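*Asks:* This is model_24.txt (compact mmCIF, C-alpha atoms and all ligand atoms).
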```txt
# COMPACT_ATOMS: atom_id res chain seq x y z
CA MET A 1 -28.59 -33.54 -59.61
CA ALA A 2 -25.91 -31.56 -57.75
CA ALA A 3 -22.91 -33.59 -58.76
CA MET A 4 -20.26 -31.00 -58.02
CA VAL A 5 -18.78 -30.46 -54.58
CA HIS A 6 -18.99 -26.80 -53.66
CA GLY A 7 -16.18 -24.57 -52.38
CA ALA A 8 -17.38 -24.49 -48.77
CA GLN A 9 -17.63 -28.27 -48.76
CA ILE A 10 -14.10 -28.62 -50.08
CA VAL A 11 -12.86 -26.30 -47.30
CA ALA A 12 -14.69 -28.43 -44.76
CA ILE A 13 -13.06 -31.57 -46.13
CA ILE A 14 -9.59 -30.00 -46.07
CA VAL A 15 -10.08 -28.86 -42.45
CA THR A 16 -11.20 -32.38 -41.63
CA LEU A 17 -8.10 -33.85 -43.25
CA PHE A 18 -5.80 -31.51 -41.31
CA LEU A 19 -7.48 -32.23 -38.00
CA THR A 20 -7.23 -35.92 -38.62
CA SER A 21 -3.55 -35.77 -39.54
CA PHE A 22 -2.67 -33.65 -36.48
CA SER A 23 -4.53 -35.89 -34.08
CA GLY A 24 -2.70 -38.71 -35.83
CA CYS A 25 0.44 -37.75 -33.86
CA THR A 26 -0.95 -39.57 -30.87
CA LEU A 27 -3.95 -41.50 -32.13
CA ALA A 28 -2.94 -42.85 -35.53
CA ALA A 29 -4.03 -46.38 -36.21
CA ASP A 30 -1.21 -46.75 -38.73
CA GLU A 31 2.53 -46.53 -38.04
CA ASP A 32 4.02 -43.03 -37.89
CA PRO A 33 6.12 -41.99 -40.90
CA LEU A 34 9.93 -41.91 -40.62
CA GLN A 35 10.37 -39.39 -43.46
CA ASP A 36 8.41 -36.60 -45.18
CA PHE A 37 6.76 -39.04 -47.54
CA CYS A 38 7.03 -42.53 -48.91
CA VAL A 39 4.95 -42.60 -52.06
CA ALA A 40 3.79 -46.17 -52.60
CA ASP A 41 5.49 -48.15 -55.33
CA LEU A 42 2.41 -50.21 -56.17
CA THR A 43 4.34 -52.40 -58.63
CA SER A 44 7.05 -53.58 -56.24
CA GLN A 45 7.11 -57.32 -55.48
CA ILE A 46 8.64 -56.70 -52.07
CA ASN A 47 6.22 -57.36 -49.21
CA VAL A 48 6.39 -54.91 -46.32
CA ASN A 49 3.81 -53.46 -43.95
CA GLY A 50 2.22 -51.08 -46.46
CA PHE A 51 4.17 -50.43 -49.66
CA VAL A 52 7.84 -49.75 -50.34
CA CYS A 53 8.75 -46.17 -51.30
CA LYS A 54 8.94 -45.02 -54.87
CA ASP A 55 12.32 -43.43 -55.81
CA PRO A 56 11.97 -39.92 -54.30
CA SER A 57 13.53 -38.32 -57.40
CA ALA A 58 10.64 -39.73 -59.46
CA VAL A 59 7.91 -38.41 -57.14
CA LYS A 60 5.53 -35.89 -58.74
CA ALA A 61 2.65 -33.71 -57.50
CA ASP A 62 0.35 -36.22 -59.21
CA ASP A 63 1.36 -38.80 -56.59
CA PHE A 64 -0.39 -36.61 -53.99
CA THR A 65 -3.44 -35.82 -56.13
CA PHE A 66 -6.77 -37.60 -56.59
CA THR A 67 -9.37 -36.21 -58.99
CA GLY A 68 -11.90 -39.03 -58.82
CA PHE A 69 -14.36 -37.15 -56.60
CA ARG A 70 -15.31 -34.50 -59.16
CA ASN A 71 -18.45 -36.24 -60.33
CA ALA A 72 -21.15 -38.25 -58.60
CA ALA A 73 -20.90 -42.02 -59.01
CA ASN A 74 -23.74 -43.65 -60.93
CA VAL A 75 -26.00 -45.25 -58.33
CA THR A 76 -28.71 -46.34 -60.78
CA ASN A 77 -29.69 -49.98 -60.26
CA THR A 78 -26.90 -50.76 -57.80
CA THR A 79 -27.83 -53.41 -55.22
CA ASN A 80 -28.22 -51.03 -52.29
CA GLY A 81 -28.30 -47.64 -54.02
CA PHE A 82 -24.83 -46.92 -52.68
CA VAL A 83 -21.50 -46.47 -54.46
CA PRO A 84 -18.23 -45.89 -52.58
CA THR A 85 -15.36 -44.16 -54.40
CA PRO A 86 -12.17 -44.68 -52.38
CA ALA A 87 -9.01 -42.62 -52.32
CA PHE A 88 -6.98 -45.14 -50.37
CA VAL A 89 -3.28 -45.82 -50.87
CA GLN A 90 -4.05 -47.98 -53.90
CA GLN A 91 -5.73 -45.03 -55.65
CA LEU A 92 -3.62 -42.26 -54.08
CA PRO A 93 -0.07 -43.63 -53.58
CA GLY A 94 1.13 -40.50 -51.72
CA LEU A 95 -0.92 -41.67 -48.72
CA ASN A 96 1.50 -44.53 -48.03
CA THR A 97 2.74 -44.37 -44.38
CA LEU A 98 0.64 -41.26 -43.57
CA GLY A 99 -2.19 -43.04 -41.68
CA LEU A 100 -4.87 -41.25 -43.65
CA SER A 101 -7.39 -41.80 -46.44
CA ILE A 102 -10.73 -40.55 -47.74
CA LEU A 103 -13.73 -42.01 -49.52
CA ARG A 104 -16.69 -40.44 -51.32
CA SER A 105 -20.09 -42.09 -50.81
CA ASP A 106 -22.94 -41.53 -53.25
CA PHE A 107 -26.40 -42.62 -52.16
CA ALA A 108 -29.60 -42.94 -54.17
CA PRO A 109 -32.81 -42.12 -52.26
CA ASP A 110 -33.09 -44.91 -49.66
CA GLY A 111 -29.51 -45.96 -50.51
CA LEU A 112 -27.79 -48.01 -47.81
CA ASN A 113 -24.24 -48.73 -46.75
CA GLY A 114 -25.19 -51.72 -44.61
CA PRO A 115 -23.62 -52.93 -41.36
CA HIS A 116 -19.85 -53.23 -41.69
CA VAL A 117 -16.59 -52.83 -39.76
CA HIS A 118 -13.28 -51.12 -40.51
CA PRO A 119 -10.73 -53.19 -38.59
CA ARG A 120 -7.88 -50.67 -38.99
CA ALA A 121 -9.44 -47.19 -38.74
CA SER A 122 -11.76 -44.81 -37.01
CA GLU A 123 -13.98 -42.89 -39.42
CA LEU A 124 -15.01 -39.25 -39.62
CA PHE A 125 -18.21 -39.08 -41.70
CA LEU A 126 -19.18 -35.71 -43.25
CA VAL A 127 -22.49 -35.22 -45.07
CA VAL A 128 -22.21 -32.68 -47.90
CA GLN A 129 -25.64 -33.28 -49.44
CA GLY A 130 -28.89 -34.86 -48.24
CA LYS A 131 -29.97 -36.44 -44.97
CA ILE A 132 -28.35 -39.63 -43.70
CA GLU A 133 -29.12 -41.80 -40.69
CA VAL A 134 -25.92 -43.22 -39.23
CA GLY A 135 -25.19 -45.46 -36.29
CA PHE A 136 -22.59 -47.64 -34.65
CA VAL A 137 -22.85 -50.39 -32.05
CA THR A 138 -20.44 -50.61 -29.13
CA SER A 139 -18.89 -53.78 -27.75
CA ASN A 140 -21.62 -53.88 -25.07
CA ASN A 141 -24.31 -53.73 -27.78
CA THR A 142 -25.31 -50.09 -27.28
CA LEU A 143 -26.48 -48.37 -30.48
CA PHE A 144 -25.44 -44.76 -30.98
CA SER A 145 -27.35 -43.34 -33.94
CA GLN A 146 -28.03 -39.96 -35.39
CA THR A 147 -29.72 -38.26 -38.34
CA LEU A 148 -27.21 -36.06 -40.15
CA GLU A 149 -27.98 -33.14 -42.42
CA GLN A 150 -25.75 -31.32 -44.87
CA GLY A 151 -22.60 -30.11 -43.09
CA ASP A 152 -22.91 -32.50 -40.14
CA VAL A 153 -20.13 -34.82 -39.03
CA PHE A 154 -20.33 -38.12 -37.12
CA ILE A 155 -17.51 -40.21 -35.65
CA ILE A 156 -17.36 -43.98 -35.92
CA PRO A 157 -14.76 -45.46 -33.56
CA ARG A 158 -12.37 -48.02 -34.98
CA GLY A 159 -13.56 -51.60 -35.29
CA LEU A 160 -17.24 -51.04 -34.42
CA VAL A 161 -20.16 -52.22 -36.57
CA HIS A 162 -21.85 -49.25 -38.29
CA PHE A 163 -24.22 -48.28 -41.11
CA GLN A 164 -25.32 -45.27 -43.16
CA HIS A 165 -28.80 -44.95 -44.68
CA ASN A 166 -30.06 -42.16 -46.93
CA ILE A 167 -33.45 -41.25 -45.47
CA GLY A 168 -33.84 -37.82 -47.11
CA GLY A 169 -35.75 -38.87 -50.22
CA THR A 170 -33.17 -37.22 -52.51
CA ALA A 171 -29.64 -38.14 -53.61
CA ALA A 172 -27.08 -37.83 -50.83
CA VAL A 173 -23.31 -37.38 -50.81
CA ALA A 174 -20.89 -37.88 -47.93
CA PHE A 175 -17.14 -38.12 -47.40
CA ALA A 176 -15.50 -40.50 -44.95
CA VAL A 177 -11.99 -39.78 -43.66
CA PHE A 178 -10.04 -42.66 -42.09
CA ASN A 179 -6.96 -42.66 -39.88
CA SER A 180 -5.45 -45.43 -41.96
CA GLN A 181 -4.12 -45.55 -45.51
CA ASN A 182 -6.07 -48.78 -45.92
CA SER A 183 -8.90 -49.08 -43.39
CA GLY A 184 -10.14 -52.49 -44.55
CA VAL A 185 -13.79 -53.48 -44.45
CA GLU A 186 -15.75 -56.50 -43.32
CA ARG A 187 -19.38 -56.53 -44.45
CA LEU A 188 -21.29 -58.69 -42.01
CA GLN A 189 -23.41 -60.52 -44.58
CA ASN A 190 -20.34 -61.44 -46.66
CA THR A 191 -18.20 -62.29 -43.65
CA LEU A 192 -20.82 -64.61 -42.17
CA PHE A 193 -22.49 -66.13 -45.22
CA GLY A 194 -20.01 -65.64 -48.06
CA SER A 195 -16.73 -66.80 -46.55
CA GLY A 196 -17.28 -70.54 -46.23
CA ILE A 197 -17.95 -70.78 -42.49
CA PRO A 198 -19.41 -74.32 -42.14
CA ASP A 199 -23.21 -74.72 -42.07
CA ALA A 200 -23.07 -76.42 -38.67
CA VAL A 201 -21.35 -73.39 -37.15
CA LEU A 202 -23.87 -70.96 -38.63
CA GLN A 203 -26.86 -73.14 -37.73
CA LYS A 204 -25.76 -73.42 -34.11
CA THR A 205 -24.94 -69.71 -33.92
CA PHE A 206 -28.19 -68.43 -35.39
CA GLN A 207 -30.45 -71.31 -34.27
CA LEU A 208 -31.95 -71.36 -37.75
CA ASP A 209 -33.11 -74.05 -40.10
CA VAL A 210 -30.47 -75.28 -42.56
CA ALA A 211 -32.70 -74.14 -45.42
CA ILE A 212 -32.53 -70.54 -44.21
CA ILE A 213 -28.75 -70.77 -43.75
CA ASP A 214 -28.46 -72.12 -47.29
CA GLN A 215 -30.62 -69.30 -48.59
CA LEU A 216 -28.40 -66.72 -46.88
CA LYS A 217 -25.25 -68.45 -48.16
CA LYS A 218 -26.65 -68.47 -51.68
CA ALA A 219 -27.48 -64.76 -51.45
CA PHE A 220 -24.01 -63.71 -50.31
CA SER A 221 -21.52 -66.30 -51.55
CA THR A 222 -21.42 -64.83 -55.04
CA SER A 223 -21.36 -61.16 -54.07
CA THR A 224 -17.88 -59.77 -54.49
CA PRO A 225 -16.55 -58.41 -51.23
CA SER A 226 -15.12 -54.93 -51.79
CA ASN A 227 -11.97 -53.43 -50.32
CA TYR A 228 -13.81 -50.52 -48.77
C1 LIG B 1 -26.05 -45.17 -64.95
O1 LIG B 1 -26.22 -46.55 -64.90
C2 LIG B 1 -27.38 -47.00 -65.59
C3 LIG B 1 -27.57 -48.48 -65.28
O2 LIG B 1 -26.38 -49.20 -65.44
C4 LIG B 1 -27.21 -46.70 -67.05
O3 LIG B 1 -28.34 -47.13 -67.75
C5 LIG B 1 -27.04 -45.19 -67.24
O4 LIG B 1 -26.77 -44.89 -68.58
C6 LIG B 1 -25.91 -44.68 -66.39
N1 LIG B 1 -25.91 -43.23 -66.40
C7 LIG B 1 -24.80 -42.51 -66.68
C8 LIG B 1 -24.97 -41.04 -66.63
O5 LIG B 1 -23.75 -43.03 -66.97
C1 LIG B 2 -33.14 -50.90 -63.52
O1 LIG B 2 -33.73 -52.08 -63.02
C2 LIG B 2 -35.09 -52.21 -63.33
C3 LIG B 2 -35.65 -53.41 -62.60
O2 LIG B 2 -34.77 -54.52 -62.70
C4 LIG B 2 -35.22 -52.33 -64.86
O3 LIG B 2 -36.57 -52.43 -65.21
C5 LIG B 2 -34.63 -51.08 -65.51
O4 LIG B 2 -34.62 -51.21 -66.91
C6 LIG B 2 -33.20 -50.85 -65.04
N1 LIG B 2 -32.75 -49.56 -65.50
C7 LIG B 2 -31.54 -49.36 -66.01
C8 LIG B 2 -31.26 -47.98 -66.46
O5 LIG B 2 -30.71 -50.25 -66.13
C1 LIG B 3 -22.94 -50.03 -22.11
O1 LIG B 3 -22.39 -48.84 -22.59
C2 LIG B 3 -23.27 -47.73 -22.49
C3 LIG B 3 -22.61 -46.57 -23.22
O2 LIG B 3 -21.30 -46.37 -22.84
C4 LIG B 3 -23.57 -47.45 -21.04
O3 LIG B 3 -24.46 -46.36 -20.94
C5 LIG B 3 -24.18 -48.68 -20.42
O4 LIG B 3 -24.34 -48.47 -19.04
C6 LIG B 3 -23.33 -49.91 -20.65
N1 LIG B 3 -24.09 -51.07 -20.23
C7 LIG B 3 -23.54 -52.02 -19.50
C8 LIG B 3 -24.45 -53.16 -19.16
O5 LIG B 3 -22.38 -51.98 -19.13
```
Since I need it in another form, could you write the structure as C-alpha cells?
*Replies:*
Amino acid sequence: MAAMVHGAQIVAIIVTLFLTSFSGCTLAADEDPLQDFCVADLTSQINVNGFVCKDPSAVKADDFTFTGFRNAANVTNTTNGFVPTPAFVQQLPGLNTLGLSILRSDFAPDGLNGPHVHPRASELFLVVQGKIEVGFVTSNNTLFSQTLEQGDVFIIPRGLVHFQHNIGGTAAVAFAVFNSQNSGVERLQNTLFGSGIPDAVLQKTFQLDVAIIDQLKKAFSTSTPSNY
C-alpha cells in the first residue's frame, strides 16, 4: 500500500496552502490576524474566540510543524472505511488566528465520508491517490458532483452538505484544506438522530413510523460525534 506522500504531492499541498492563505486576505472565514502569529496556548483557562497566545519567547518551530500525515491511517474494520487525521489548531497550535487548517483522509475501497457540513469553512479537496466521487448540495437542492482522480481538486463552499466516496476499488488518500483553524463538522445522521431532537419532531419531519425513528436514534445515539 502506498502509504507515503510523494514529493510532487507535497508540492501540490504547499501550493494549495499558499493559495488558500493569500485568498484569505479577502475571503477568510476566520478573523484576520493582528500580529505575525499567535500560537495557541491550549492549556489556558481564559475563554476567547480561538485560543490565547502562547508567550512569543517560548514559541518554537515545532509549534508550526505537524508530522502526523507521514503514514496512512489504519482503515481496517472502521465503520465506513474512512479515517480523518486532522491538523487543526488543537493538533497544530501555530494555526491559531491564521484562518487555515488541513486534514488527511484515508479511505478503504468503498470507504465513505458521508454527508456532513463544515459550518465555519470552505474546503479545498485534493486527491493524491485513488479515485473519489465527491459532491455538495446547494441551498436550492442542486447537487454538484464529480469523480476525482489523483491530482484533482474540488471545492466545497462553506456550510453546504457534502460527501466523499472512494469508488476506485483501491485505497485512496486525499487532503482537505480549510479556511478556518477549526472548521467544525455536523454529520447529518448524528445531528438528526443522535442529538436528542424529540421523536415527535422527527416523526413529523420525516413522516415515518415511530419504530423507524427509534431504529435510527438507536443507530446514531451512541456513535461519538467527531470534531472533524
Ligand atoms: C489495523 O487495524 C486492525 C483492526 O483493528 C488490526 O487488526 C491491525 O493490526 C491494524 N494494522 C496495523 C498495521 O496497525
Ligand atoms: C474485521 O471484521 C470482521 C467482521 O466483523 C471480522 O471477521 C474480522 O476478524 C475483523 N478483522 C480485524 C483485523 O479486526
Ligand atoms: C438552483 O441553482 C442552480 C445552480 O446554481 C440553477 O441552475 C437553478 O436554476 C436553480 N434553481 C432554481 C429553482 O432556482
*Asks:* Name the residues, by chain letter and number, that sit within 9 Å of ligand LIG 2 (chain B) using only C-alpha atoms and all ligand atoms, and give them as a list of chain:residue names.
*Replies:*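 Within the 9 Å cut-off, the matching residues are A:Thr76, A:Asn77, A:Thr78.
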*Asks:* List as a PyMOL selection string: which residues have an atom within 7 Å of (-30.1, -37.1, -47.0), counting all atoms listed in the file?
*Replies:* chain A and resi 129-132+149+166-172
*Asks:* Which one of A:Val177, A:Ile197, A:Leu148, A:Leu143 sits closest to ligand LIG 3 (chain B) if you count only C-alpha atoms and all ligand atoms?
*Replies:*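 Looking at the shortest contact to ligand LIG 3 (chain B), the residue is A:Leu143.
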*Asks:* Skipping near chain neighbours, those fewer than 2 positions away, what residues fall within 10 Å of A:Val59 using only C-alpha atoms, listed as JSON, numbers by chain?
*Replies:* {"A": [37, 38, 39, 40, 53, 54, 55, 56, 57, 61, 62, 63, 64, 94]}
*Asks:* Which chains and residue numbers are within 12 Å of ligand LIG 1 (chain B), counting only C-alpha atoms and all ligand atoms, if I want them as a list in words?
*Replies:* Met1, Ala3, Asn71, Ala72, Ala73, Asn74, Val75, Thr76, Asn77, Thr78, Thr79, Gly81, Val83 and Ala108 of chain A
*Asks:* Which centre and which edge lengths, in Å to one decimal, describe the axis-aligned box that holds all listed atoms of ligand LIG 3 (chain B) after 5 Å is added on each side, as lines of an AutoDock Vina configuration file?
*Replies:*
```
center_x = -22.9
center_y = -49.8
center_z = -21.1
size_x = 13.2
size_y = 16.8
size_z = 14.2
```
